[in-house]
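S.K.: Contents of start.pdb (PDB, C-alpha atoms, pLDDT in the B column) are given next:
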MODEL        1
ATOM      1  CA  MET A  15      59.954  42.655   9.304  1.00 49.00           C
ATOM      2  CA  GLN A  16      61.215  39.796   7.112  1.00 45.00           C
ATOM      3  CA  ARG A  17      58.178  40.157   4.826  1.00 46.00           C
ATOM      4  CA  LEU A  18      58.775  43.913   4.398  1.00 44.00           C
ATOM      5  CA  ARG A  19      62.411  43.229   3.504  1.00 45.00           C
ATOM      6  CA  GLN A  20      61.340  40.618   0.904  1.00 43.00           C
ATOM      7  CA  GLU A  21      58.775  43.007  -0.603  1.00 44.00           C
ATOM      8  CA  SER A  22      61.434  45.730  -0.778  1.00 44.00           C
ATOM      9  CA  ASP A  23      63.843  43.329  -2.540  1.00 45.00           C
ATOM     10  CA  VAL A  24      61.146  42.405  -5.092  1.00 41.00           C
ATOM     11  CA  LYS A  25      60.405  46.098  -5.814  1.00 41.00           C
ATOM     12  CA  ARG A  26      64.136  46.864  -6.192  1.00 43.00           C
ATOM     13  CA  LYS A  27      64.689  43.938  -8.578  1.00 44.00           C
ATOM     14  CA  THR A  28      61.615  44.905 -10.620  1.00 39.00           C
ATOM     15  CA  LYS A  29      62.894  48.501 -10.856  1.00 43.00           C
ATOM     16  CA  ASP A  30      66.324  47.233 -12.035  1.00 47.00           C
ATOM     17  CA  LEU A  31      64.690  45.000 -14.673  1.00 46.00           C
ATOM     18  CA  ASN A  32      62.549  47.859 -16.000  1.00 48.00           C
ATOM     19  CA  LYS A  33      65.593  50.107 -16.184  1.00 54.00           C
ATOM     20  CA  THR A  34      67.715  47.593 -18.077  1.00 61.00           C
ATOM     21  CA  PHE A  35      65.351  46.295 -20.762  1.00 65.00           C
ATOM     22  CA  PRO A  36      62.595  48.788 -21.575  1.00 73.00           C
ATOM     23  CA  GLY A  37      60.014  47.329 -23.963  1.00 83.00           C
ATOM     24  CA  LEU A  38      60.537  43.675 -23.021  1.00 85.00           C
ATOM     25  CA  THR A  39      58.232  41.619 -20.833  1.00 89.00           C
ATOM     26  CA  ARG A  40      59.311  40.455 -17.387  1.00 89.00           C
ATOM     27  CA  GLY A  41      59.612  36.899 -18.726  1.00 91.00           C
ATOM     28  CA  GLU A  42      61.864  38.022 -21.598  1.00 90.00           C
ATOM     29  CA  LYS A  43      64.046  40.029 -19.210  1.00 88.00           C
ATOM     30  CA  ASN A  44      64.357  37.109 -16.792  1.00 90.00           C
ATOM     31  CA  MET A  45      65.247  34.787 -19.671  1.00 93.00           C
ATOM     32  CA  VAL A  46      68.180  37.038 -20.663  1.00 92.00           C
ATOM     33  CA  ARG A  47      69.250  37.406 -17.042  1.00 90.00           C
ATOM     34  CA  GLY A  48      69.137  33.636 -16.490  1.00 91.00           C
ATOM     35  CA  GLN A  49      71.318  32.929 -19.528  1.00 93.00           C
ATOM     36  CA  VAL A  50      73.946  35.474 -18.485  1.00 91.00           C
ATOM     37  CA  TYR A  51      73.959  34.334 -14.856  1.00 88.00           C
ATOM     38  CA  ASN A  52      74.489  30.722 -15.952  1.00 89.00           C
ATOM     39  CA  CYS A  53      77.475  31.807 -18.052  1.00 89.00           C
ATOM     40  CA  TRP A  54      78.821  33.923 -15.164  1.00 84.00           C
ATOM     41  CA  ARG A  55      78.776  30.933 -12.813  1.00 76.00           C
ATOM     42  CA  THR A  56      80.843  29.018 -15.358  1.00 57.00           C
ATOM     43  CA  VAL A  57      83.340  31.887 -15.718  1.00 57.00           C
ATOM     44  CA  THR A  58      83.890  32.416 -12.004  1.00 61.00           C
ATOM     45  CA  ASN A  59      84.009  28.771 -10.916  1.00 54.00           C
ATOM     46  CA  ASN A  60      84.136  29.731  -7.213  1.00 61.00           C
ATOM     47  CA  ILE A  61      86.726  32.514  -7.658  1.00 71.00           C
ATOM     48  CA  PHE A  62      84.835  34.970  -5.458  1.00 72.00           C
ATOM     49  CA  ALA A  63      83.906  34.544  -1.810  1.00 72.00           C
ATOM     50  CA  ALA A  64      80.290  35.284  -0.879  1.00 70.00           C
ATOM     51  CA  GLU A  65      81.364  38.301   1.201  1.00 73.00           C
ATOM     52  CA  ASP A  66      83.123  39.770  -1.870  1.00 70.00           C
ATOM     53  CA  LEU A  67      79.789  39.856  -3.683  1.00 73.00           C
ATOM     54  CA  GLU A  68      77.599  41.461  -1.019  1.00 75.00           C
ATOM     55  CA  ASN A  69      75.962  44.721  -2.131  1.00 76.00           C
ATOM     56  CA  VAL A  70      77.786  44.630  -5.467  1.00 78.00           C
ATOM     57  CA  LYS A  71      76.232  45.675  -8.755  1.00 83.00           C
ATOM     58  CA  ILE A  72      78.136  45.888 -12.008  1.00 86.00           C
ATOM     59  CA  ARG A  73      76.677  47.910 -14.885  1.00 89.00           C
ATOM     60  CA  VAL A  74      77.586  47.139 -18.476  1.00 92.00           C
ATOM     61  CA  ARG A  75      76.298  48.194 -21.890  1.00 94.00           C
ATOM     62  CA  VAL A  76      75.675  45.243 -24.209  1.00 95.00           C
ATOM     63  CA  TYR A  77      75.468  45.300 -28.015  1.00 96.00           C
ATOM     64  CA  LEU A  78      73.887  42.371 -29.880  1.00 96.00           C
ATOM     65  CA  ASP A  79      73.489  41.371 -33.529  1.00 96.00           C
ATOM     66  CA  LYS A  80      70.033  40.541 -34.909  1.00 96.00           C
ATOM     67  CA  ASP A  81      70.599  36.841 -34.184  1.00 96.00           C
ATOM     68  CA  GLY A  82      71.411  37.617 -30.524  1.00 96.00           C
ATOM     69  CA  SER A  83      75.178  37.220 -30.916  1.00 97.00           C
ATOM     70  CA  VAL A  84      77.212  39.349 -28.526  1.00 97.00           C
ATOM     71  CA  LYS A  85      79.051  42.069 -30.478  1.00 97.00           C
ATOM     72  CA  GLN A  86      80.465  44.146 -27.645  1.00 97.00           C
ATOM     73  CA  VAL A  87      80.210  44.670 -23.881  1.00 95.00           C
ATOM     74  CA  LYS A  88      81.455  47.842 -22.163  1.00 93.00           C
ATOM     75  CA  PRO A  89      81.622  48.646 -18.451  1.00 90.00           C
ATOM     76  CA  LEU A  90      79.557  51.596 -17.211  1.00 87.00           C
ATOM     77  CA  GLY A  91      80.074  53.709 -14.132  1.00 72.00           C
ATOM     78  CA  ALA A  92      83.058  54.238 -11.913  1.00 58.00           C
ATOM     79  CA  THR A  93      84.407  52.532  -8.826  1.00 48.00           C
ATOM     80  CA  LYS A  94      82.875  55.218  -6.604  1.00 50.00           C
ATOM     81  CA  ASP A  95      79.415  54.083  -7.778  1.00 51.00           C
ATOM     82  CA  TYR A  96      79.844  50.789  -5.967  1.00 50.00           C
ATOM     83  CA  ILE A  97      80.689  49.571  -2.499  1.00 49.00           C
ATOM     84  CA  PRO A  98      84.251  50.332  -1.375  1.00 51.00           C
ATOM     85  CA  LEU A  99      86.103  47.617  -3.275  1.00 51.00           C
ATOM     86  CA  ASP A 100      89.796  47.638  -3.894  1.00 56.00           C
ATOM     87  CA  ASN A 101      90.586  48.166  -7.577  1.00 66.00           C
ATOM     88  CA  VAL A 102      91.758  44.583  -8.151  1.00 75.00           C
ATOM     89  CA  LEU A 103      88.524  43.022  -6.911  1.00 76.00           C
ATOM     90  CA  TYR A 104      86.389  45.583  -8.752  1.00 76.00           C
ATOM     91  CA  ARG A 105      88.262  44.923 -11.998  1.00 80.00           C
ATOM     92  CA  GLN A 106      87.881  41.150 -11.557  1.00 81.00           C
ATOM     93  CA  LEU A 107      84.130  41.507 -11.038  1.00 83.00           C
ATOM     94  CA  VAL A 108      83.730  43.767 -14.080  1.00 86.00           C
ATOM     95  CA  ASP A 109      85.854  41.437 -16.214  1.00 87.00           C
ATOM     96  CA  SER A 110      83.920  38.373 -15.067  1.00 86.00           C
ATOM     97  CA  THR A 111      80.622  40.074 -15.961  1.00 89.00           C
ATOM     98  CA  ILE A 112      81.887  41.043 -19.418  1.00 92.00           C
ATOM     99  CA  ASN A 113      83.369  37.564 -19.961  1.00 91.00           C
ATOM    100  CA  ALA A 114      80.038  35.980 -19.036  1.00 91.00           C
ATOM    101  CA  PHE A 115      78.420  37.625 -22.076  1.00 94.00           C
ATOM    102  CA  TYR A 116      81.249  36.539 -24.363  1.00 94.00           C
ATOM    103  CA  ARG A 117      81.116  33.021 -22.955  1.00 92.00           C
ATOM    104  CA  CYS A 118      77.375  32.876 -23.703  1.00 93.00           C
ATOM    105  CA  LYS A 119      78.262  34.042 -27.249  1.00 94.00           C
ATOM    106  CA  LYS A 120      74.605  34.480 -28.080  1.00 95.00           C
ATOM    107  CA  ILE A 121      71.479  35.375 -26.130  1.00 95.00           C
ATOM    108  CA  LYS A 122      68.857  32.903 -27.310  1.00 95.00           C
ATOM    109  CA  ASN A 123      65.097  33.216 -27.840  1.00 94.00           C
ATOM    110  CA  LEU A 124      64.968  37.008 -28.059  1.00 93.00           C
ATOM    111  CA  PRO A 125      61.818  38.287 -29.805  1.00 93.00           C
ATOM    112  CA  GLU A 126      62.858  39.356 -33.329  1.00 92.00           C
ATOM    113  CA  GLY A 127      60.127  41.991 -33.472  1.00 93.00           C
ATOM    114  CA  LYS A 128      61.665  43.781 -30.493  1.00 93.00           C
ATOM    115  CA  TYR A 129      65.208  44.057 -31.854  1.00 94.00           C
ATOM    116  CA  ASP A 130      65.121  47.835 -31.355  1.00 92.00           C
ATOM    117  CA  TYR A 131      64.781  47.209 -27.600  1.00 89.00           C
ATOM    118  CA  TRP A 132      67.526  44.625 -27.173  1.00 91.00           C
ATOM    119  CA  GLN A 133      70.113  45.472 -29.838  1.00 94.00           C
ATOM    120  CA  GLU A 134      71.778  47.714 -27.238  1.00 93.00           C
ATOM    121  CA  PHE A 135      70.907  47.705 -23.556  1.00 91.00           C
ATOM    122  CA  GLU A 136      72.217  48.335 -20.075  1.00 91.00           C
ATOM    123  CA  PHE A 137      72.625  45.233 -17.939  1.00 91.00           C
ATOM    124  CA  ILE A 138      72.909  45.482 -14.160  1.00 89.00           C
ATOM    125  CA  PHE A 139      74.643  42.414 -12.799  1.00 86.00           C
ATOM    126  CA  ASP A 140      73.681  41.664  -9.195  1.00 83.00           C
ATOM    127  CA  PRO A 141      75.275  38.485  -7.782  1.00 76.00           C
ATOM    128  CA  SER A 142      72.772  38.469  -4.905  1.00 73.00           C
ATOM    129  CA  GLU A 143      70.147  37.358  -7.445  1.00 75.00           C
ATOM    130  CA  LEU A 144      72.024  34.131  -8.187  1.00 68.00           C
TER     131      LEU A 144
ENDMDL
END
Reformat the file's structure so that it appears as structure tokens.
M.R.:
Amino acid sequence: MQRLRQESDVKRKTKDLNKTFPGLTRGEKNMVRGQVYNCWRTVTNNIFAAEDLENVKIRVRVYLDKDGSVKQVKPLGATKDYIPLDNVLYRQLVDSTINAFYRCKKIKNLPEGKYDYWQEFEFIFDPSEL
């Protein structure tokens, strides 16, 4: 049973990665994800309890310059798309995700030849992957 659950989690995470960065390799996608997650940890600094983050996904649209600098980050979706969170907690999670990109300032080591794929992309933030 545990193995089936792990396989299901791997398939779900792979599906999310393919949805968020079409045209990039798995390694390139994981590199972006790792940079953002490191910045998110710095932003939150233990603000959220583990139970606050269960089953939560935050979707944002990210716009980057050719050098990988973060130009803009916008939230996507509505509260009803997520678990039943009160508006304050939902807003804090969205803000912390957006602030993580701005704190990173720049996503490093992106392949220049694939700028068309990463100049604008959807990012699904899933704290369970941390």
S.K.: Have a look at A:Gly37, A:Tyr131, A:Asn52, A:Leu67 and name the one nearest to Leu107 (chain A); count all atoms listed in the file.
M.R.: A:Leu67
S.K.: Identify the residues within 12 Å of coordinate (80.5, 35.1, -25.0) (same frame as the file), considering all atoms listed in the file, and give the answer as a PyMOL selection string.
M.R.: chain A and resi 49-50+52-54+56-57+76-78+82-87+110-121
S.K.: What separation in Å, quoted to one decimal, exists between CA of Leu103 (chain A) and CA of Leu90 (chain A)?
M.R.: 16.1 Å
S.K.: Between CA of Ala64 (chain A) and CA of Arg40 (chain A), what is the spacing in Å?
M.R.: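 Interatomic distance here is 27.2 Å.
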S.K.: Mind giving me the straight-line distance from CA of Arg75 (chain A) to CA of Phe135 (chain A) in Å, one decimal?
M.R.: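 Between CA of Arg75 (chain A) and CA of Phe135 (chain A) the gap is 5.7 Å.
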S.K.: What lies within 9 Å of Leu124 (chain A) using all atoms listed in the file, ignoring chain neighbours under 4 positions off, as a tab-separated table (two decimals) with C-alpha atoms, keeping the file's coordinate frame?
M.R.:
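Ended up saving to out09.tsv:
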chain	number	residue	atom	x	y	z
A	42	GLU	CA	61.86	38.02	-21.60
A	45	MET	CA	65.25	34.79	-19.67
A	46	VAL	CA	68.18	37.04	-20.66
A	81	ASP	CA	70.60	36.84	-34.18
A	82	GLY	CA	71.41	37.62	-30.52
A	128	LYS	CA	61.66	43.78	-30.49
A	129	TYR	CA	65.21	44.06	-31.85
A	132	TRP	CA	67.53	44.62	-27.17
